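Asker: Structure provided below as structure tokens; questions to follow.
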Amino acid sequence: MAYVSMGEAHRRITDYLNRFSDAVSYQDGSSLKRLLAVSSDSPSLLSLSDALNVFQDASRLIKQFDKYSQFGEILVPLFRSLQNYRLGHLVESYQSFEKSSNAFIQEFRNWESAWALDALYVIAYEIRVLAERADRELASMGKIPEKLKGAGSFLMKVFGVLAGKGPKRVGALYVTCQLFKIYFKLGTVHLCRSVIRSIETARIFDFEEFPVRDKVTYMYYTGRLEVFNENFPAADHKLSYALTYCNPRSEANIRMILKYLIPVKLSIGILPEISLLEKYNLVEYSNVIQAMRRGDLRLLRQALQEHEDQFLRSGVYLVLEKLELQVYQRLIKKIYIIQKQKDPSKAHQIKLEVIVKALKWLEMDMDVDEVECIMSILIYKNLMKGYFAHKSKVVVLSKQDPFPKLNGKPVNS
């Protein structure tokens with residue numbers, strides 16, 4: 001921290017107060033939002049933080065003038081938050097910022113127009129980010145991390161302020177997305193339901209009037225929820241929407257969407273090109289897709305084992321594990337094609353021992369009874385058409401469309 005004289009410190013603080021007062025007076029949301037971004041490490045806020053650590057009586061300065069004092073409940077704790085953030089005291093920084101934010105919300109309620117929405121977005125973002133950092137500090141001290149949970153409660157209050165008639169309601173989706181980020185981080189995704197219900201069923205909201213950026217984020221998170229619920233058609237719709245409208249220059253965001261959309265597409269029988277995986281560095285799915293193309297159960301299991309931690313963290317492991325049935329289907333289809341080339345008249349009759357040999361070649365040891373069970377499941381799930389001749393241990397396939405395509409629908413549960 002560079003040396004700052006008392007006079008220079010006073011000048012920097014006064015300059016900030018004037019900019020804050022002017023931003024509110026002229027309803028300049030763009031200028032106001034920059035004054036609230038505590039974690040942004042912007043040069044102007046860093047220099048203000050240094051000034052506050054030299055000039056210790058900023059609260060007296062605020063009270064001296066009416067144009068500052070009317071916002072005292074916002075500014076005094078905001079200054080404390082900036083000071084503590086600069087000093088690395090993250091818990092104190094969060095607590096002060098939450099106090100300032102509560103005061104800001106009270107003022108925001110009284111402003112009739114939506115001019116301060118950009119500033120509110122910054123507060124919603126900062127409360128989450130500062131809470132995450134405060135929780136890391138608490139955990140490092142052996143204390144219970146609780147600030148992110150508190151930030152969620154605060155944002156629910158903000159959502160309540162926005163969930164009314166009038167122009168401010170377009171901000172509700174941004175706050176919802178910040179809540180999603182908190183709930184996913186805390187592992188309390190069930191709390192998303194009440195907010196989703198409000199957005200999707202309340203008559204005051206028209207989804208199309210929300211900003212595209214917020215709609216993309218919303219569809220990404222609700223798409224992930226549908227993946228966890230194994231509602232793959234809905235997950236496909238939502239994640240595909242997010243991908244379609246995502247900024248094409250935001251490669252990191254596209255990658256995040258594809259990380260969930262690819263398993264969903266695989267589960268409904270749609271296999272992406274390997275070039276897509278390479279472009280967005282999602283090569284962990286390469287062998288899964290190759291296994292599905294080849295009907296190679298061994299390769300699928302190897303891929304799941306190799307990337308198990310990654311898939312478990314993403315929450316897609318169980319989705320990928322259920323692809324085994326489609327892999328079996330492709331294996332049987334390969335056997336069927338080979339038999340058709342040798343003897344077309346008997347192609348639809350596949351002996352179980354032939355399947356056992358094919359699996360053994362893939363180093364998968366299964367007996368006839370196990371294979372019989374799998375064939376029964378494939379028929380039941382409509383991945384194969386036909387019936388099972390138990391005495392002769394033969395699968396008799398339908399002569400018309402023996403291997404129905406999923407056509408974008410999930411395997412029957």
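Labels for the structure tokens follow display order: chains A, B, ..., residues from 1 in each chain, ligands from 1.
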Show me, as a VMD selection string, the residues that have an atom within 12 Å of Glu226 (chain A) when counting only C-alpha atoms, minus same-chain residues fewer than 6 positions from it.
Answerer: chain A and resid 189 to 190 192 to 193 219 to 220 232 to 239 260 to 261 264 315 to 316 319
Asker: If we count only C-alpha atoms and set the cut-off at 12 Å, which residues sit around Arg301 (chain A), ignoring sequence neighbours fewer than 5 positions away in its own chain? Please answer as number ranges by chain.
Answerer: A: 287-292, 295-296, 306-308, 317, 320-324, 327, 362-364
Asker: Which residues are near Ala172 (chain A)? Cut-off 12 Å, only C-alpha atoms, ignore same chain within fewer than 3 positions. Put them as a ChimeraX atom specification.
Answerer: /A:114,117,120-121,124,155-169,175-179,195-196,198-200,202,204-207,209-211,214-215,218
Asker: For each of A:Val4, A:Leu352, A:Ile257, A:Leu148, take the minimum atom-to-atom distance to Arg128 (chain A), counting only C-alpha atoms, then give the residue where this is smallest.
Answerer: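 Ranked by minimum distance to Arg128 (chain A), first place goes to A:Leu148.
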Asker: Which residues, written as an mmCIF file with all heavy atoms, in the first residue's frame, have at least one atom at most 10 Å from Ile355 (chain A), with only C-alpha atoms counted and residues fewer than 4 positions away on the same chain left out?
Answerer:
data_model
loop_
_atom_site.group_PDB
_atom_site.id
_atom_site.type_symbol
_atom_site.label_atom_id
_atom_site.label_comp_id
_atom_site.auth_asym_id
_atom_site.auth_seq_id
_atom_site.Cartn_x
_atom_site.Cartn_y
_atom_site.Cartn_z
ATOM 1 N N TYR A 328 -25.292 -52.390 -25.017
ATOM 2 C CA TYR A 328 -25.718 -53.774 -25.279
ATOM 3 C C TYR A 328 -26.514 -53.837 -26.575
ATOM 4 O O TYR A 328 -26.333 -54.748 -27.392
ATOM 5 C CB TYR A 328 -26.582 -54.295 -24.130
ATOM 6 C CG TYR A 328 -25.815 -54.800 -22.931
ATOM 7 C CD1 TYR A 328 -25.970 -54.206 -21.679
ATOM 8 C CD2 TYR A 328 -24.958 -55.890 -23.034
ATOM 9 C CE1 TYR A 328 -25.291 -54.674 -20.567
ATOM 10 C CE2 TYR A 328 -24.263 -56.372 -21.924
ATOM 11 C CZ TYR A 328 -24.433 -55.757 -20.691
ATOM 12 O OH TYR A 328 -23.745 -56.220 -19.608
ATOM 13 N N LEU A 331 -24.257 -53.754 -29.506
ATOM 14 C CA LEU A 331 -23.509 -55.012 -29.627
ATOM 15 C C LEU A 331 -24.376 -56.079 -30.307
ATOM 16 O O LEU A 331 -23.926 -56.765 -31.236
ATOM 17 C CB LEU A 331 -23.058 -55.489 -28.246
ATOM 18 C CG LEU A 331 -22.337 -56.843 -28.202
ATOM 19 C CD1 LEU A 331 -21.030 -56.794 -28.989
ATOM 20 C CD2 LEU A 331 -22.083 -57.284 -26.772
ATOM 21 N N ILE A 332 -25.629 -56.215 -29.848
ATOM 22 C CA ILE A 332 -26.536 -57.203 -30.442
ATOM 23 C C ILE A 332 -26.795 -56.858 -31.911
ATOM 24 O O ILE A 332 -26.862 -57.729 -32.775
ATOM 25 C CB ILE A 332 -27.880 -57.268 -29.673
ATOM 26 C CG1 ILE A 332 -27.646 -57.480 -28.168
ATOM 27 C CG2 ILE A 332 -28.775 -58.366 -30.244
ATOM 28 C CD1 ILE A 332 -26.804 -58.681 -27.818
ATOM 29 N N ILE A 335 -23.929 -58.082 -33.983
ATOM 30 C CA ILE A 335 -24.020 -59.529 -34.171
ATOM 31 C C ILE A 335 -25.078 -59.847 -35.234
ATOM 32 O O ILE A 335 -24.877 -60.679 -36.125
ATOM 33 C CB ILE A 335 -24.359 -60.237 -32.835
ATOM 34 C CG1 ILE A 335 -23.190 -60.048 -31.840
ATOM 35 C CG2 ILE A 335 -24.659 -61.721 -33.050
ATOM 36 C CD1 ILE A 335 -23.517 -60.487 -30.425
ATOM 37 N N ILE A 350 -30.749 -65.141 -32.766
ATOM 38 C CA ILE A 350 -29.403 -65.005 -32.173
ATOM 39 C C ILE A 350 -29.302 -65.890 -30.935
ATOM 40 O O ILE A 350 -30.056 -65.721 -29.961
ATOM 41 C CB ILE A 350 -29.104 -63.534 -31.792
ATOM 42 C CG1 ILE A 350 -29.215 -62.629 -33.029
ATOM 43 C CG2 ILE A 350 -27.728 -63.399 -31.155
ATOM 44 C CD1 ILE A 350 -29.020 -61.137 -32.729
ATOM 45 N N LYS A 351 -28.361 -66.834 -31.006
ATOM 46 C CA LYS A 351 -28.150 -67.717 -29.858
ATOM 47 C C LYS A 351 -27.451 -66.965 -28.728
ATOM 48 O O LYS A 351 -26.543 -66.161 -28.967
ATOM 49 C CB LYS A 351 -27.304 -68.918 -30.271
ATOM 50 C CG LYS A 351 -28.009 -69.855 -31.240
ATOM 51 C CD LYS A 351 -27.110 -71.033 -31.599
ATOM 52 C CE LYS A 351 -27.831 -71.976 -32.563
ATOM 53 N NZ LYS A 351 -26.973 -73.098 -32.962
ATOM 54 N N LEU A 359 -19.095 -61.146 -25.695
ATOM 55 C CA LEU A 359 -18.755 -60.453 -24.446
ATOM 56 C C LEU A 359 -17.411 -60.939 -23.906
ATOM 57 O O LEU A 359 -16.627 -60.160 -23.371
ATOM 58 C CB LEU A 359 -19.864 -60.655 -23.408
ATOM 59 C CG LEU A 359 -21.168 -59.878 -23.677
ATOM 60 C CD1 LEU A 359 -22.304 -60.410 -22.804
ATOM 61 C CD2 LEU A 359 -20.961 -58.390 -23.411
ATOM 62 N N LYS A 360 -17.157 -62.232 -24.059
ATOM 63 C CA LYS A 360 -15.886 -62.791 -23.594
ATOM 64 C C LYS A 360 -14.722 -62.199 -24.394
ATOM 65 O O LYS A 360 -13.653 -61.928 -23.843
ATOM 66 C CB LYS A 360 -15.904 -64.315 -23.734
ATOM 67 C CG LYS A 360 -14.750 -65.016 -23.042
ATOM 68 C CD LYS A 360 -15.048 -66.494 -22.817
ATOM 69 C CE LYS A 360 -15.926 -66.710 -21.608
ATOM 70 N NZ LYS A 360 -16.083 -68.138 -21.236
ATOM 71 N N TRP A 361 -14.978 -61.985 -25.686
ATOM 72 C CA TRP A 361 -13.952 -61.350 -26.533
ATOM 73 C C TRP A 361 -13.649 -59.932 -26.037
ATOM 74 O O TRP A 361 -12.535 -59.446 -26.147
ATOM 75 C CB TRP A 361 -14.456 -61.323 -27.978
ATOM 76 C CG TRP A 361 -13.446 -60.782 -28.944
ATOM 77 C CD1 TRP A 361 -12.369 -61.455 -29.456
ATOM 78 C CD2 TRP A 361 -13.386 -59.461 -29.489
ATOM 79 N NE1 TRP A 361 -11.643 -60.638 -30.301
ATOM 80 C CE2 TRP A 361 -12.242 -59.401 -30.333
ATOM 81 C CE3 TRP A 361 -14.176 -58.333 -29.356
ATOM 82 C CZ2 TRP A 361 -11.886 -58.250 -31.024
ATOM 83 C CZ3 TRP A 361 -13.823 -57.184 -30.049
ATOM 84 C CH2 TRP A 361 -12.686 -57.150 -30.881
ATOM 85 N N MET A 366 -19.641 -63.266 -18.601
ATOM 86 C CA MET A 366 -21.053 -63.414 -18.217
ATOM 87 C C MET A 366 -21.523 -64.801 -18.635
ATOM 88 O O MET A 366 -21.125 -65.302 -19.682
ATOM 89 C CB MET A 366 -21.923 -62.359 -18.917
ATOM 90 C CG MET A 366 -21.748 -60.954 -18.392
ATOM 91 S SD MET A 366 -22.996 -59.862 -19.086
ATOM 92 C CE MET A 366 -22.335 -58.285 -18.566
ATOM 93 N N ASP A 367 -22.380 -65.364 -17.816
ATOM 94 C CA ASP A 367 -22.927 -66.666 -18.206
ATOM 95 C C ASP A 367 -24.234 -66.462 -18.973
ATOM 96 O O ASP A 367 -24.733 -65.346 -19.112
ATOM 97 C CB ASP A 367 -23.121 -67.581 -16.985
ATOM 98 C CG ASP A 367 -24.053 -66.983 -15.940
ATOM 99 O OD1 ASP A 367 -24.950 -66.204 -16.330
ATOM 100 O OD2 ASP A 367 -23.889 -67.281 -14.738
ATOM 101 N N VAL A 368 -24.784 -67.557 -19.436
ATOM 102 C CA VAL A 368 -25.990 -67.523 -20.280
ATOM 103 C C VAL A 368 -27.171 -66.893 -19.527
ATOM 104 O O VAL A 368 -27.951 -66.131 -20.093
ATOM 105 C CB VAL A 368 -26.336 -68.934 -20.790
ATOM 106 C CG1 VAL A 368 -27.705 -68.956 -21.463
ATOM 107 C CG2 VAL A 368 -25.273 -69.428 -21.762
ATOM 108 N N VAL A 371 -26.897 -63.121 -19.458
ATOM 109 C CA VAL A 371 -27.182 -62.565 -20.793
ATOM 110 C C VAL A 371 -28.686 -62.636 -21.079
ATOM 111 O O VAL A 371 -29.268 -61.693 -21.625
ATOM 112 C CB VAL A 371 -26.375 -63.318 -21.880
ATOM 113 C CG1 VAL A 371 -26.845 -62.915 -23.279
ATOM 114 C CG2 VAL A 371 -24.882 -63.021 -21.719
ATOM 115 N N GLU A 372 -29.311 -63.733 -20.674
ATOM 116 C CA GLU A 372 -30.768 -63.873 -20.855
ATOM 117 C C GLU A 372 -31.505 -62.738 -20.136
ATOM 118 O O GLU A 372 -32.454 -62.151 -20.674
ATOM 119 C CB GLU A 372 -31.222 -65.224 -20.300
ATOM 120 C CG GLU A 372 -32.710 -65.465 -20.460
ATOM 121 C CD GLU A 372 -33.139 -66.813 -19.901
ATOM 122 O OE1 GLU A 372 -32.303 -67.740 -19.777
ATOM 123 O OE2 GLU A 372 -34.345 -66.949 -19.584
ATOM 124 N N MET A 375 -31.088 -59.509 -22.119
ATOM 125 C CA MET A 375 -31.916 -59.508 -23.326
ATOM 126 C C MET A 375 -33.374 -59.209 -22.984
ATOM 127 O O MET A 375 -34.068 -58.475 -23.706
ATOM 128 C CB MET A 375 -31.827 -60.866 -24.054
ATOM 129 C CG MET A 375 -30.444 -61.204 -24.611
ATOM 130 S SD MET A 375 -29.769 -59.926 -25.700
ATOM 131 C CE MET A 375 -28.552 -59.160 -24.624
#
Asker: Find the residues around Val38 (chain A) up to 12 Å (only C-alpha atoms counted), leave out those fewer than 2 positions away in its own chain, and share them as a PyMOL selection string.
Answerer: chain A and resi 33-36+40-46+48-49+77-86+90+93-94+96-98+100-101+122-130
Asker: At what distance in Å, to one decimal, does CA of Phe184 (chain A) lie from CA of Ile144 (chain A)?
Answerer: 18.3 Å
Asker: Rounded to one decimal place, report the CA of Asn53 (chain A)-CA of Leu32 (chain A) distance in Å.
Answerer: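 Between CA of Asn53 (chain A) and CA of Leu32 (chain A) the gap is 22.4 Å.
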Asker: Write out as a VMD selection string each polymer residue whose atoms come within 9 Å of Arg19 (chain A), counting only C-alpha atoms; drop sequence neighbours fewer than 3 positions from it.
Answerer: chain A and resid 14 to 16 22 to 24 31 to 32 35
Asker: Which of region 338-397 of chain A counts as strand (DSSP E or B) under DSSP, as a PyMOL selection string please?
Answerer: chain A and resi 349-351+386-389+394-397
Asker: Do you have the CA of Gly72 (chain A)-CA of Ile182 (chain A) distance handy?
Answerer: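 Here the two named atoms are 29.3 Å from each other.
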Asker: I need the residue nearest Gln326 (chain A) from this list: A:Lys185, A:Arg109, A:Arg293, A:Lys346. Use only C-alpha atoms for the distance.
Answerer: A:Arg293
